[in-house]
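K.L.:
Questions regarding the structure given below will be posed in turn.
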Amino acid sequence: MVGQFQDVVDKFDTTLGFPQAAGAIDGTHIPIKAPEEAKEDYFNRKHFYSVVLQAVVDADGRFIDTNVGRPGSVHDARVFALSSVKKRLAEGILFNPSPTREINGIDIPLALLGDPAYPLLPGLLKGYTAHQNLTRQQRVFNNRLSRARFVVEHAFGRLKGRWRILNKKNDLHLSFMRTLVQTCCTLHNICESNGDPFRAAWMYGVENNVPVNHNNQRPRADSSRIREALKQYFTIH
């Protein structure tokens with residue numbers, strides 16, 4: 001991931017209303033033809049063959065980290081667990097530097113924003129799960145997080161809208177898929193950075209193909225305290 005986080009953090013805070021966010025993370029399926037080997041591994045929950053693109057985007061919807069190629073049947077949490085993002089997060093080197101900000105008496109570190117499929121970690125925040133009897137404050141937190149992390153869903157839509165080859169069954173051999181997808185992500189960033197026009201009609205038929213599956217892993221106590229501090233912060237900001 002890029003080393004200059006402060007501009008990203010500032011923009012998540014000022015334009016999307018979420019402090020200490022250094023990126024939004026999510027996954028999407030890239031359709032492929034059934035491979036000759038282990039094809040059942042690539043058959044996803046939407047009933048087509050695919051590889052998974054896991055991505056972290058900044059507040060402008062540009063890709064700052066991509067992980068491509070896990071079989072479509074692999075759960076988002078497992079893709080994350082096997083990724084370099086998870087490894088660097090565990091080693092404390094994902095964000096460098098990593099300034100904290102005191103909110104409600106808690107030092108809040110930089111964090112990625114994820115959906116319920118991801119674990120709750122000090123460097124990875126997600127909402128309160130829907131099956132709980134949520135309080136008003138918890139719903140406010142969930143709404144703020146959802147609004148901030150919409151940028152990654154929006155980025156996937158624009159990526160597939162511009163590069164339609166990622167939105168239909170691809171006949172390329174699996175060995176070329178990583179290069180193809182990462183190249184399209186790079187071109188996406190160039191277009192977004194240079195204000196290249198995007199036509200609304202390009203979104204026709206585009207779908208983010210990943211159903212949300214809740215991750216029920218018990219959260220660490222420090223990550224719960226971080227989320228609670230932000231929950232209180234959002235009730236008055």
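Residue numbering restarts at 1 in every chain; chains get A, B, ... in the order shown in the structure tokens, and ligands count up from 1 in that same order.
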Which residues, written as a VMD selection string, have at least one atom at most 12 Å from Thr179 of chain A, with only C-alpha atoms counted and residues fewer than 3 positions away on the same chain left out?
P.N.:
chain A and resid 53 66 to 69 172 to 176 182 to 186
K.L.:
For the structure I just gave you, how does DSSP split segment 41-219 of chain A - specifically, which residues are alpha helix (DSSP H)? Reply as JSON, numbers by chain.
P.N.:
{"A": [76, 77, 78, 79, 80, 81, 84, 85, 86, 87, 88, 89, 90, 91, 136, 137, 138, 139, 140, 141, 142, 143, 144, 145, 146, 147, 148, 149, 150, 151, 152, 153, 154, 155, 156, 157, 158, 159, 160, 161, 162, 174, 175, 176, 177, 178, 179, 180, 181, 182, 183, 184, 185, 186, 187, 188, 189, 190, 191, 192, 193]}
K.L.:
Quick one: distance from atom CA of Pro109 of chain A to atom CA of Ala21 of chain A in Å, one decimal?
P.N.:
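We find that atom CA of Pro109 of chain A and atom CA of Ala21 of chain A lie 8.7 Å from each other.
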K.L.:
What lies within 9 Å of Ala229 of chain A using only C-alpha atoms, ignoring chain neighbours under 2 positions off, as a list of chain:residue names?
P.N.:
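So the residues in contact are A:Ile103, A:Asn104, A:Gly105, A:Ile106, A:Ile108, A:Ser224, A:Arg225, A:Ile226, A:Arg227, A:Lys231, A:Gln232, A:Tyr233, A:Phe234.
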K.L.:
Restrict the selected residues to N, CA, C and O atoms and save them as a PDB file, in the first residue's frame.
P.N.:
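Wrote result-v5.pdb, looks like this:
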ATOM      1  N   ILE A 103     -10.032   9.880  20.745  1.00  0.00           N
ATOM      2  CA  ILE A 103     -11.467  10.118  20.635  1.00  0.00           C
ATOM      3  C   ILE A 103     -12.143   9.451  21.824  1.00  0.00           C
ATOM      4  O   ILE A 103     -11.996   8.249  22.037  1.00  0.00           O
ATOM      5  N   ASN A 104     -12.830  10.243  22.614  1.00  0.00           N
ATOM      6  CA  ASN A 104     -13.502   9.734  23.815  1.00  0.00           C
ATOM      7  C   ASN A 104     -12.562   8.937  24.720  1.00  0.00           C
ATOM      8  O   ASN A 104     -12.936   7.888  25.265  1.00  0.00           O
ATOM      9  N   GLY A 105     -11.336   9.447  24.867  1.00  0.00           N
ATOM     10  CA  GLY A 105     -10.384   8.828  25.772  1.00  0.00           C
ATOM     11  C   GLY A 105      -9.669   7.611  25.226  1.00  0.00           C
ATOM     12  O   GLY A 105      -8.877   6.987  25.945  1.00  0.00           O
ATOM     13  N   ILE A 106      -9.920   7.246  23.981  1.00  0.00           N
ATOM     14  CA  ILE A 106      -9.293   6.078  23.358  1.00  0.00           C
ATOM     15  C   ILE A 106      -8.407   6.548  22.212  1.00  0.00           C
ATOM     16  O   ILE A 106      -8.815   7.380  21.397  1.00  0.00           O
ATOM     17  N   ILE A 108      -7.301   6.129  18.823  1.00  0.00           N
ATOM     18  CA  ILE A 108      -7.838   5.435  17.652  1.00  0.00           C
ATOM     19  C   ILE A 108      -6.753   5.337  16.582  1.00  0.00           C
ATOM     20  O   ILE A 108      -6.259   6.357  16.100  1.00  0.00           O
ATOM     21  N   SER A 224     -13.005  -3.727  19.998  1.00  0.00           N
ATOM     22  CA  SER A 224     -14.347  -3.373  20.462  1.00  0.00           C
ATOM     23  C   SER A 224     -14.350  -2.003  21.122  1.00  0.00           C
ATOM     24  O   SER A 224     -15.284  -1.211  20.933  1.00  0.00           O
ATOM     25  N   ARG A 225     -13.298  -1.690  21.896  1.00  0.00           N
ATOM     26  CA  ARG A 225     -13.206  -0.385  22.544  1.00  0.00           C
ATOM     27  C   ARG A 225     -13.074   0.731  21.507  1.00  0.00           C
ATOM     28  O   ARG A 225     -13.646   1.817  21.673  1.00  0.00           O
ATOM     29  N   ILE A 226     -12.319   0.468  20.456  1.00  0.00           N
ATOM     30  CA  ILE A 226     -12.161   1.456  19.382  1.00  0.00           C
ATOM     31  C   ILE A 226     -13.508   1.732  18.730  1.00  0.00           C
ATOM     32  O   ILE A 226     -13.894   2.883  18.513  1.00  0.00           O
ATOM     33  N   ARG A 227     -14.245   0.678  18.419  1.00  0.00           N
ATOM     34  CA  ARG A 227     -15.553   0.849  17.784  1.00  0.00           C
ATOM     35  C   ARG A 227     -16.529   1.563  18.719  1.00  0.00           C
ATOM     36  O   ARG A 227     -17.315   2.412  18.274  1.00  0.00           O
ATOM     37  N   LYS A 231     -18.456   5.023  18.080  1.00  0.00           N
ATOM     38  CA  LYS A 231     -19.912   5.045  18.183  1.00  0.00           C
ATOM     39  C   LYS A 231     -20.367   6.254  19.002  1.00  0.00           C
ATOM     40  O   LYS A 231     -21.293   6.983  18.605  1.00  0.00           O
ATOM     41  N   GLN A 232     -19.696   6.478  20.125  1.00  0.00           N
ATOM     42  CA  GLN A 232     -20.035   7.641  20.956  1.00  0.00           C
ATOM     43  C   GLN A 232     -19.733   8.948  20.224  1.00  0.00           C
ATOM     44  O   GLN A 232     -20.507   9.907  20.296  1.00  0.00           O
ATOM     45  N   TYR A 233     -18.622   8.969  19.500  1.00  0.00           N
ATOM     46  CA  TYR A 233     -18.229  10.176  18.753  1.00  0.00           C
ATOM     47  C   TYR A 233     -19.289  10.548  17.718  1.00  0.00           C
ATOM     48  O   TYR A 233     -19.627  11.725  17.552  1.00  0.00           O
ATOM     49  N   PHE A 234     -19.820   9.549  17.030  1.00  0.00           N
ATOM     50  CA  PHE A 234     -20.781   9.820  15.963  1.00  0.00           C
ATOM     51  C   PHE A 234     -22.127  10.318  16.492  1.00  0.00           C
ATOM     52  O   PHE A 234     -22.889  10.925  15.735  1.00  0.00           O
TER      53      PHE A 234
END
K.L.:
For Phe95 of chain A, find every residue with an atom within 12 Å (counting only C-alpha atoms), except residues of its own chain fewer than 4 positions away, and show them as a ChimeraX atom specification.
P.N.:
/A:1-6,8-9,20-23,85-86,88-91,99-100,109-112,123-124
K.L.:
Quick one: write out the picked residues with C-alpha atoms as a short mmCIF file (atom, residue, chain, number, x, y, z; two decimals), in the first residue's frame?
P.N.:
data_model
loop_
_atom_site.label_atom_id
_atom_site.label_comp_id
_atom_site.auth_asym_id
_atom_site.auth_seq_id
_atom_site.Cartn_x
_atom_site.Cartn_y
_atom_site.Cartn_z
CA MET A 1 0.00 0.00 0.00
CA VAL A 2 1.09 3.55 -0.56
CA GLY A 3 3.10 5.20 2.20
CA GLN A 4 1.35 8.59 2.15
CA PHE A 5 -1.85 8.04 4.13
CA GLN A 6 -2.59 11.44 5.56
CA VAL A 8 -6.49 9.69 2.33
CA VAL A 9 -7.31 9.88 6.05
CA GLN A 20 -8.93 7.62 11.03
CA ALA A 21 -10.03 5.65 7.96
CA ALA A 22 -7.09 4.80 5.68
CA GLY A 23 -9.09 2.85 3.09
CA VAL A 85 -2.83 -6.85 3.79
CA LYS A 86 -3.70 -9.12 6.71
CA ARG A 88 1.14 -6.49 7.24
CA LEU A 89 -1.72 -5.49 9.52
CA ALA A 90 -0.77 -8.24 11.99
CA GLU A 91 2.88 -7.15 11.86
CA PRO A 99 -0.63 8.37 13.86
CA THR A 100 -3.38 7.83 16.42
CA PRO A 109 -5.35 3.97 15.14
CA LEU A 110 -5.67 4.12 11.38
CA ALA A 111 -8.02 1.43 10.09
CA LEU A 112 -9.60 -0.07 7.01
CA GLY A 123 -6.86 -1.92 12.09
CA LEU A 124 -10.08 -3.16 10.47
#
K.L.:
Using only C-alpha atoms, tabulate the residues of segment 14-85 of chain A lying at most 9 Å from any atom of segment 147-167 of chain A, each with its closest atom pair and that distance in Å to one decimal, by chain and increasing residue number, as JSON lines.
P.N.:
{"residue": "A:Thr15", "atom": "CA", "partner": "A:Ala148", "partner_atom": "CA", "distance": 8.8}
{"residue": "A:Leu16", "atom": "CA", "partner": "A:Ala148", "partner_atom": "CA", "distance": 5.3}
{"residue": "A:Gly17", "atom": "CA", "partner": "A:Ala148", "partner_atom": "CA", "distance": 7.2}
{"residue": "A:Phe18", "atom": "CA", "partner": "A:Ala148", "partner_atom": "CA", "distance": 6.5}
{"residue": "A:Ala21", "atom": "CA", "partner": "A:Ala148", "partner_atom": "CA", "distance": 8.7}
{"residue": "A:Gly23", "atom": "CA", "partner": "A:Arg149", "partner_atom": "CA", "distance": 8.1}
{"residue": "A:Ala24", "atom": "CA", "partner": "A:Arg149", "partner_atom": "CA", "distance": 5.2}
{"residue": "A:Ile25", "atom": "CA", "partner": "A:Val152", "partner_atom": "CA", "distance": 6.6}
{"residue": "A:Asp26", "atom": "CA", "partner": "A:Val152", "partner_atom": "CA", "distance": 6.6}
{"residue": "A:Gly27", "atom": "CA", "partner": "A:Phe156", "partner_atom": "CA", "distance": 8.7}
{"residue": "A:Thr28", "atom": "CA", "partner": "A:Phe156", "partner_atom": "CA", "distance": 7.3}
{"residue": "A:His29", "atom": "CA", "partner": "A:Asn167", "partner_atom": "CA", "distance": 8.8}
{"residue": "A:Ile30", "atom": "CA", "partner": "A:Leu166", "partner_atom": "CA", "distance": 5.8}
{"residue": "A:Pro31", "atom": "CA", "partner": "A:Asn167", "partner_atom": "CA", "distance": 6.7}
{"residue": "A:Ile32", "atom": "CA", "partner": "A:Leu166", "partner_atom": "CA", "distance": 8.9}
{"residue": "A:Ala55", "atom": "CA", "partner": "A:Val152", "partner_atom": "CA", "distance": 7.8}
{"residue": "A:Val56", "atom": "CA", "partner": "A:Val152", "partner_atom": "CA", "distance": 7.2}
{"residue": "A:Val57", "atom": "CA", "partner": "A:Val152", "partner_atom": "CA", "distance": 5.8}
{"residue": "A:Asp58", "atom": "CA", "partner": "A:Val151", "partner_atom": "CA", "distance": 7.7}
{"residue": "A:Ala59", "atom": "CA", "partner": "A:Val151", "partner_atom": "CA", "distance": 6.5}
{"residue": "A:Asp60", "atom": "CA", "partner": "A:Val151", "partner_atom": "CA", "distance": 7.0}
{"residue": "A:Gly61", "atom": "CA", "partner": "A:Ala155", "partner_atom": "CA", "distance": 5.0}
{"residue": "A:Arg62", "atom": "CA", "partner": "A:Ala155", "partner_atom": "CA", "distance": 6.9}
{"residue": "A:Phe63", "atom": "CA", "partner": "A:Ala155", "partner_atom": "CA", "distance": 8.0}
K.L.:
Need the shell around Tyr49 of chain A: protein/DNA/RNA residues with any atom at most 10 Å away, counting only C-alpha atoms. Skip same-chain ones fewer than 2 positions apart. Format as a count of residues only?
P.N.:
22
